[in-house]
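Pasted below: coords31.pdb, PDB, C-alpha atoms.
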```pdb
ATOM      1  CA  MET A  54       1.808 -33.230   1.778
ATOM      2  CA  ARG A  55      -0.254 -30.282   0.526
ATOM      3  CA  TYR A  56      -1.648 -29.647   4.002
ATOM      4  CA  SER A  57       1.848 -29.837   5.482
ATOM      5  CA  ILE A  58       3.071 -27.177   3.062
ATOM      6  CA  LEU A  59       0.060 -24.986   3.870
ATOM      7  CA  PHE A  60       0.689 -25.392   7.598
ATOM      8  CA  LEU A  61       4.362 -24.468   7.235
ATOM      9  CA  SER A  62       3.457 -21.390   5.145
ATOM     10  CA  LEU A  63       0.976 -20.182   7.759
ATOM     11  CA  LEU A  64       3.492 -20.877  10.508
ATOM     12  CA  ALA A  65       6.077 -18.731   8.709
ATOM     13  CA  ILE A  66       3.583 -15.879   8.363
ATOM     14  CA  PHE A  67       2.576 -15.883  12.008
ATOM     15  CA  SER A  68       6.171 -16.268  13.122
ATOM     16  CA  ALA A  69       7.047 -13.174  11.094
ATOM     17  CA  CYS A  70       4.047 -11.404  12.630
ATOM     18  CA  LYS A  71       5.193 -12.276  16.138
ATOM     19  CA  ASN A  72       8.824 -11.288  15.570
ATOM     20  CA  LYS A  73       8.254  -8.147  13.543
ATOM     21  CA  GLY A  74       4.855  -6.999  14.766
ATOM     22  CA  GLU A  75       6.346  -6.099  18.140
ATOM     23  CA  GLN A  76       8.543  -3.560  16.386
ATOM     24  CA  LEU A  77       5.719  -1.762  14.644
ATOM     25  CA  GLN A  78       4.838   1.742  15.771
ATOM     26  CA  LYS A  79       1.742   3.849  15.235
ATOM     27  CA  GLY A  80       2.000   5.662  11.928
ATOM     28  CA  ASP A  81       4.204   3.044  10.284
ATOM     29  CA  LEU A  82       3.413   2.483   6.620
ATOM     30  CA  LEU A  83       3.197  -1.086   5.350
ATOM     31  CA  PHE A  84       3.987  -1.496   1.667
ATOM     32  CA  GLN A  85       2.583  -4.674   0.154
ATOM     33  CA  ASP A  86       3.070  -6.556  -3.102
ATOM     34  CA  ILE A  87      -0.335  -8.133  -3.717
ATOM     35  CA  ASP A  88      -0.736 -10.865  -6.306
ATOM     36  CA  CYS A  89      -4.072  -9.869  -7.845
ATOM     37  CA  GLY A  90      -3.380 -10.791 -11.463
ATOM     38  CA  PRO A  91      -3.086  -8.582 -14.576
ATOM     39  CA  LEU A  92      -4.407  -5.445 -12.863
ATOM     40  CA  CYS A  93      -1.747  -5.470 -10.154
ATOM     41  CA  ASP A  94       0.849  -6.414 -12.762
ATOM     42  CA  ALA A  95      -0.117  -3.342 -14.805
ATOM     43  CA  ILE A  96       0.088  -1.099 -11.737
ATOM     44  CA  GLU A  97       3.513  -2.441 -10.839
ATOM     45  CA  THR A  98       4.827  -2.072 -14.388
ATOM     46  CA  VAL A  99       4.322   1.702 -14.424
ATOM     47  CA  THR A 100       5.195   2.427 -10.788
ATOM     48  CA  THR A 101       8.600   2.145  -9.190
ATOM     49  CA  GLY A 102       9.168   1.358  -5.531
ATOM     50  CA  ILE A 103      12.313   1.564  -3.475
ATOM     51  CA  ASN A 104      15.047  -0.729  -4.839
ATOM     52  CA  GLY A 105      12.755  -1.567  -7.759
ATOM     53  CA  ALA A 106      10.230  -3.277  -5.476
ATOM     54  CA  HIS A 107       6.756  -3.812  -6.905
ATOM     55  CA  PHE A 108       4.272  -2.479  -4.382
ATOM     56  CA  SER A 109       0.581  -2.379  -5.266
ATOM     57  CA  HIS A 110      -0.900  -1.615  -1.835
ATOM     58  CA  ILE A 111      -0.231   0.403   1.330
ATOM     59  CA  ALA A 112      -1.728   0.619   4.835
ATOM     60  CA  ILE A 113      -1.000   2.593   7.998
ATOM     61  CA  VAL A 114      -0.679   1.311  11.570
ATOM     62  CA  VAL A 115      -3.264   3.035  13.785
ATOM     63  CA  GLU A 116      -3.184   0.824  16.887
ATOM     64  CA  THR A 117      -0.457  -1.233  18.590
ATOM     65  CA  GLY A 118      -0.300  -3.291  21.765
ATOM     66  CA  ASP A 119      -2.188  -6.543  22.295
ATOM     67  CA  SER A 120      -3.370  -6.344  18.690
ATOM     68  CA  THR A 121      -1.800  -4.349  15.875
ATOM     69  CA  ILE A 122      -4.459  -2.723  13.703
ATOM     70  CA  LEU A 123      -3.993  -1.217  10.257
ATOM     71  CA  LEU A 124      -6.177   1.213   8.357
ATOM     72  CA  GLU A 125      -6.466   0.580   4.627
ATOM     73  CA  ALA A 126      -8.653   1.147   1.596
ATOM     74  CA  ILE A 127      -9.335  -2.222   0.043
ATOM     75  CA  GLY A 128     -12.340  -4.109  -1.269
ATOM     76  CA  LYS A 129     -15.403  -1.912  -0.988
ATOM     77  CA  LYS A 130     -14.364   0.636   1.648
ATOM     78  CA  VAL A 131     -11.811   2.106   3.999
ATOM     79  CA  LYS A 132     -11.566  -0.224   6.985
ATOM     80  CA  LEU A 133      -9.516  -1.561   9.872
ATOM     81  CA  THR A 134      -7.579  -4.796   9.455
ATOM     82  CA  LYS A 135      -5.635  -6.969  11.875
ATOM     83  CA  LEU A 136      -1.935  -7.226  11.115
ATOM     84  CA  GLU A 137      -2.015 -11.010  10.783
ATOM     85  CA  ASP A 138      -4.794 -10.826   8.185
ATOM     86  CA  PHE A 139      -2.883  -8.206   6.238
ATOM     87  CA  LEU A 140       0.311 -10.253   6.228
ATOM     88  CA  ALA A 141      -1.458 -13.423   5.102
ATOM     89  CA  ARG A 142      -2.574 -11.929   1.769
ATOM     90  CA  SER A 143       0.541 -12.404  -0.308
ATOM     91  CA  THR A 144       3.777 -14.300   0.294
ATOM     92  CA  ASP A 145       7.148 -14.686  -1.388
ATOM     93  CA  GLY A 146       8.997 -17.856  -2.379
ATOM     94  CA  ASN A 147       9.969 -18.472   1.227
ATOM     95  CA  GLY A 148       6.402 -18.227   2.466
ATOM     96  CA  LEU A 149       6.964 -14.803   4.059
ATOM     97  CA  PRO A 150       4.645 -11.796   3.587
ATOM     98  CA  LYS A 151       5.731  -9.547   0.726
ATOM     99  CA  VAL A 152       5.654  -6.481   2.968
ATOM    100  CA  TRP A 153       8.175  -3.763   3.827
ATOM    101  CA  VAL A 154       7.706  -1.255   6.640
ATOM    102  CA  GLY A 155       8.357   2.458   6.247
ATOM    103  CA  ARG A 156       8.611   4.916   9.122
ATOM    104  CA  LEU A 157       8.495   8.692   9.162
ATOM    105  CA  LYS A 158      11.888  10.273   9.783
ATOM    106  CA  PRO A 159      12.265  11.927  13.228
ATOM    107  CA  THR A 160      12.181  15.423  11.715
ATOM    108  CA  TYR A 161       8.529  14.979  10.757
ATOM    109  CA  LYS A 162       7.169  12.958  13.694
ATOM    110  CA  LYS A 163       5.766  15.926  15.609
ATOM    111  CA  ASN A 164       2.726  15.864  13.315
ATOM    112  CA  LEU A 165       2.384  12.083  13.137
ATOM    113  CA  CYS A 166      -0.496  11.804  15.601
ATOM    114  CA  GLN A 167      -2.506  14.280  13.548
ATOM    115  CA  ALA A 168      -1.815  12.273  10.379
ATOM    116  CA  ILE A 169      -3.147   9.141  12.068
ATOM    117  CA  GLU A 170      -6.280  10.956  13.230
ATOM    118  CA  ASN A 171      -6.738  12.324   9.705
ATOM    119  CA  ALA A 172      -6.530   8.811   8.292
ATOM    120  CA  LYS A 173      -9.208   7.600  10.707
ATOM    121  CA  THR A 174     -11.683  10.162   9.353
ATOM    122  CA  PHE A 175     -11.833   8.150   6.129
ATOM    123  CA  LEU A 176     -13.113   5.007   7.858
ATOM    124  CA  GLY A 177     -16.212   3.670   6.147
ATOM    125  CA  ALA A 178     -15.751   5.783   3.028
ATOM    126  CA  PRO A 179     -16.250   3.882  -0.247
ATOM    127  CA  TYR A 180     -13.268   2.541  -2.137
ATOM    128  CA  ASP A 181     -12.394   4.510  -5.262
ATOM    129  CA  ASP A 182     -12.458   1.987  -8.099
ATOM    130  CA  ALA A 183     -11.786   4.764 -10.611
ATOM    131  CA  PHE A 184      -8.696   6.204  -8.856
ATOM    132  CA  LEU A 185      -9.918   9.773  -9.297
ATOM    133  CA  PRO A 186      -9.333  12.784  -7.045
ATOM    134  CA  ASP A 187     -12.017  14.787  -5.252
ATOM    135  CA  ASN A 188     -14.894  12.320  -5.635
ATOM    136  CA  ASN A 189     -15.442  11.370  -1.963
ATOM    137  CA  LYS A 190     -14.105   7.898  -2.662
ATOM    138  CA  TYR A 191     -10.591   6.809  -1.777
ATOM    139  CA  TYR A 192      -7.910   4.323  -2.796
ATOM    140  CA  CYS A 193      -5.102   3.081  -0.564
ATOM    141  CA  SER A 194      -2.265   5.518  -1.254
ATOM    142  CA  GLU A 195      -4.666   8.448  -1.665
ATOM    143  CA  ILE A 196      -5.669   8.152   1.999
ATOM    144  CA  ILE A 197      -2.045   8.217   3.103
ATOM    145  CA  ALA A 198      -1.201  11.244   0.969
ATOM    146  CA  LEU A 199      -4.252  13.229   2.074
ATOM    147  CA  ALA A 200      -3.767  12.386   5.759
ATOM    148  CA  PHE A 201      -0.096  13.319   5.852
ATOM    149  CA  ASN A 202      -0.275  16.322   3.529
ATOM    150  CA  ASP A 203      -2.965  17.886   5.697
ATOM    151  CA  ALA A 204      -1.167  17.086   8.957
ATOM    152  CA  MET A 205       2.085  18.555   7.680
ATOM    153  CA  GLY A 206       0.386  21.597   6.139
ATOM    154  CA  ASP A 207       2.195  20.786   2.912
ATOM    155  CA  LYS A 208       0.454  19.395  -0.167
ATOM    156  CA  SER A 209       3.819  18.327  -1.531
ATOM    157  CA  PHE A 210       4.753  16.191   1.477
ATOM    158  CA  PHE A 211       3.607  13.140  -0.483
ATOM    159  CA  PRO A 212       3.072  14.904  -3.836
ATOM    160  CA  LEU A 213       0.406  13.938  -6.331
ATOM    161  CA  ILE A 214       1.744  13.279  -9.824
ATOM    162  CA  PRO A 215       0.156  12.563 -13.225
ATOM    163  CA  MET A 216      -0.861   8.914 -13.407
ATOM    164  CA  THR A 217      -0.293   6.743 -16.440
ATOM    165  CA  PHE A 218      -2.022   3.607 -17.657
ATOM    166  CA  ILE A 219       0.223   3.169 -20.684
ATOM    167  CA  ASP A 220       2.451   0.161 -21.255
ATOM    168  CA  PRO A 221       5.986   1.580 -21.623
ATOM    169  CA  SER A 222       6.949  -1.301 -23.894
ATOM    170  CA  ASN A 223       4.591  -0.238 -26.698
ATOM    171  CA  GLY A 224       3.211   3.212 -25.793
ATOM    172  CA  LYS A 225      -0.375   1.936 -25.690
ATOM    173  CA  THR A 226      -2.867   1.757 -22.852
ATOM    174  CA  PHE A 227      -2.782  -1.621 -21.128
ATOM    175  CA  PRO A 228      -5.730  -3.705 -22.442
ATOM    176  CA  VAL A 229      -6.617  -4.636 -18.872
ATOM    177  CA  TRP A 230      -7.109  -0.934 -18.056
ATOM    178  CA  GLU A 231      -9.158  -0.298 -21.193
ATOM    179  CA  GLU A 232     -11.468  -3.151 -20.253
ATOM    180  CA  TYR A 233     -11.544  -2.058 -16.615
ATOM    181  CA  TYR A 234     -12.649   1.505 -17.364
ATOM    182  CA  GLN A 235     -15.084   0.405 -20.050
ATOM    183  CA  LYS A 236     -16.887  -1.551 -17.343
ATOM    184  CA  LEU A 237     -16.952   1.579 -15.172
ATOM    185  CA  GLY A 238     -18.322   3.568 -18.096
ATOM    186  CA  ILE A 239     -15.641   6.256 -18.017
ATOM    187  CA  PRO A 240     -12.536   7.036 -20.095
ATOM    188  CA  VAL A 241      -9.136   5.892 -18.891
ATOM    189  CA  PRO A 242      -7.981   8.870 -16.751
ATOM    190  CA  GLU A 243      -4.538   9.165 -18.313
ATOM    191  CA  GLY A 244      -2.628  12.115 -16.847
ATOM    192  CA  ILE A 245      -4.997  12.717 -13.931
ATOM    193  CA  VAL A 246      -3.011  13.409 -10.767
ATOM    194  CA  GLY A 247      -2.755  10.708  -8.157
ATOM    195  CA  ILE A 248      -0.274   8.712  -6.117
ATOM    196  CA  ASN A 249       0.782   5.101  -5.747
ATOM    197  CA  PRO A 250       2.432   2.992  -3.024
ATOM    198  CA  GLY A 251       5.719   2.805  -4.913
ATOM    199  CA  ALA A 252       6.038   6.583  -5.045
ATOM    200  CA  ILE A 253       5.514   6.868  -1.295
ATOM    201  CA  SER A 254       8.070   4.127  -0.641
ATOM    202  CA  ILE A 255      10.831   6.184  -2.282
ATOM    203  CA  SER A 256       9.928   9.413  -0.476
ATOM    204  CA  ASP A 257      12.793  11.093   1.371
ATOM    205  CA  LYS A 258      10.371  11.712   4.249
ATOM    206  CA  ILE A 259      10.442   8.062   5.336
ATOM    207  CA  GLU A 260      12.929   5.266   5.842
ATOM    208  CA  ILE A 261      12.422   1.536   5.438
ATOM    209  CA  VAL A 262      12.988   0.088   8.898
ATOM    210  CA  PHE A 263      12.455  -3.633   8.326
ATOM    211  CA  LYS A 264      10.824  -6.189   6.080
ATOM    212  CA  TYR A 265       8.794  -9.363   6.437
ATOM    213  CA  GLY A 266       9.572 -10.846   3.024
ATOM    214  CA  ASP A 267      10.681  -9.788  -0.435
ATOM    215  CA  PRO A 268       8.356  -8.131  -2.974
ATOM    216  CA  SER A 269       8.746  -8.922  -6.658
ATOM    217  CA  GLY A 270      10.990  -6.712  -8.769
ATOM    218  CA  LEU A 271      13.475  -6.248  -5.949
ATOM    219  CA  ASP A 272      16.997  -5.306  -7.055
ATOM    220  CA  LEU A 273      19.535  -4.804  -4.265
ATOM    221  CA  LYS A 274      22.618  -4.760  -6.509
TER     222      LYS A 274
END
```

Show the structure stored in the file as structure tokens.
Amino acid sequence: MRYSILFLSLLAIFSACKNKGEQLQKGDLLFQDIDCGPLCDAIETVTTGINGAHFSHIAIVVETGDSTILLEAIGKKVKLTKLEDFLARSTDGNGLPKVWVGRLKPTYKKNLCQAIENAKTFLGAPYDDAFLPDNNKYYCSEIIALAFNDAMGDKSFFPLIPMTFIDPSNGKTFPVWEEYYQKLGIPVPEGIVGINPGAISISDKIEIVFKYGDPSGLDLK
């Protein structure tokens, strides 16, 4: 029975990939709700995505055709990932990938190719575990912001904002963040500017064009 359920879940993922992947275009942004435990939960608590969706990761489509390839910062570095591998990371209650797709509005597409090329320059760069600016390391949404802001000649295209690591329910830093930064040997960078996937998802520069499955926190009322 367990193997049957696993097979059906994988079938749903690859079916979604086949049906939706054909619609993807270069430069599309894939917003993902990853289930990575308390750290992702803390990120999602203090960031708001479109319709309340909890997005903790983002990637950009850099190649389409026989194989759709995404560029993302995850794990130890900035790398290329096949669409099917990306979609298989995290699924909703129906076994579908918790991913929504955003696309640049037509007004801004003239500079899209440059944004993609900018993103590719980060390939191989180390992942930024500390989420700090200007340290030659990069996290997922930082790559997107830098690539598009430079291409558009506008640092406020996807604006950087002060980050917070504080639990809004009690006004104290999340214990998981305190422990995390203690291990890195640096203070929690409260107030340092940055950007997150949720903030990009609500930008008026893009529109959500379709979804694979439903992220947590979603409120369509």

**Study point:** Near-stretch 248-262 of chain A list (6 Å; only C-alpha atoms; drop same-chain fewer than 2 positions) as a PyMOL selection string
**Key:** chain A and resi 100-103+108+110-111+154-158+194+213

Residue by residue, what does the PyMOL selection byres ((chain A and resi 242) around 12) grab here? Present the result as a CSV table (one decimal) with C-alpha atoms, keeping the file's coordinate frame.
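Okay, this is what ended up in result.csv:
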```
chain,number,residue,atom,x,y,z
A,182,ASP,CA,-12.5,2.0,-8.1
A,183,ALA,CA,-11.8,4.8,-10.6
A,184,PHE,CA,-8.7,6.2,-8.9
A,185,LEU,CA,-9.9,9.8,-9.3
A,186,PRO,CA,-9.3,12.8,-7.0
A,215,PRO,CA,0.2,12.6,-13.2
A,216,MET,CA,-0.9,8.9,-13.4
A,217,THR,CA,-0.3,6.7,-16.4
A,218,PHE,CA,-2.0,3.6,-17.7
A,219,ILE,CA,0.2,3.2,-20.7
A,226,THR,CA,-2.9,1.8,-22.9
A,230,TRP,CA,-7.1,-0.9,-18.1
A,231,GLU,CA,-9.2,-0.3,-21.2
A,233,TYR,CA,-11.5,-2.1,-16.6
A,234,TYR,CA,-12.6,1.5,-17.4
A,235,GLN,CA,-15.1,0.4,-20.0
A,237,LEU,CA,-17.0,1.6,-15.2
A,238,GLY,CA,-18.3,3.6,-18.1
A,239,ILE,CA,-15.6,6.3,-18.0
A,240,PRO,CA,-12.5,7.0,-20.1
A,241,VAL,CA,-9.1,5.9,-18.9
A,243,GLU,CA,-4.5,9.2,-18.3
A,244,GLY,CA,-2.6,12.1,-16.8
A,245,ILE,CA,-5.0,12.7,-13.9
A,246,VAL,CA,-3.0,13.4,-10.8
A,247,GLY,CA,-2.8,10.7,-8.2
```

Practice item. Can you turn the PyMOL selection byres ((chain A and resi 150) around 6) into a concrete residue list for this file, as a ChimeraX atom specification? Key: /A:140,143-144,149,151-152,265-266

Review point. In Å, with one decimal, what is the gap from atom CA of A:Cys166 to atom CA of A:Glu125?
Key: 16.8 Å

Exercise for review: Using atom CA of A:Phe227 and atom CA of A:Cys93 as the two end points, give the distance in Å to one decimal.
Suggested key: 11.7 Å

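Using all atoms listed in the file for every distance, the candidate list A:Lys129, A:Tyr161, A:Trp153, A:Ala112 yields A:Trp153 as the residue closest to A:Ser269.
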
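Nearest to A:Glu116 of all the residues A:Ile96, A:Ile87, A:Leu273, A:Ile169 is A:Ile169, counting all atoms listed in the file.
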
Point to revise | Target residues per the PyMOL selection byres ((chain A and resi 170) around 10), formatted as an MDAnalysis selection string | key: chainID A and resid 80 115 165:169 171:175 200:201 204

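Considering all atoms listed in the file, the residue among A:Lys135, A:Asp81, A:Lys130, A:Ile122 positioned nearest to A:Ile197 is A:Asp81.
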
Practice item. Quote the spacing between atom CA of A:Gly224 and atom CA of A:Ala106 in Å to one decimal place. Key: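 So the two atoms, atom CA of A:Gly224 and atom CA of A:Ala106, lie 22.5 Å apart.
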
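When all atoms listed in the file are used to compute distances to A:Asp145, the closest of the residues A:Gln76, A:Gln85, A:Lys208, A:Pro228 turns out to be A:Gln85.
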
Check your understanding: Pick from A:Gly146, A:Lys132, A:Leu199, A:Ala95: nearest to A:Pro268, with only C-alpha atoms counted?
Key ->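 Of the candidates, the smallest distance to A:Pro268 is held by A:Gly146.
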
Exercise for review: Tell me which of A:Leu77, A:Cys193, A:Val229, A:Leu176 sits closest to A:Gly90, counting only C-alpha atoms.
Suggested key: A:Val229
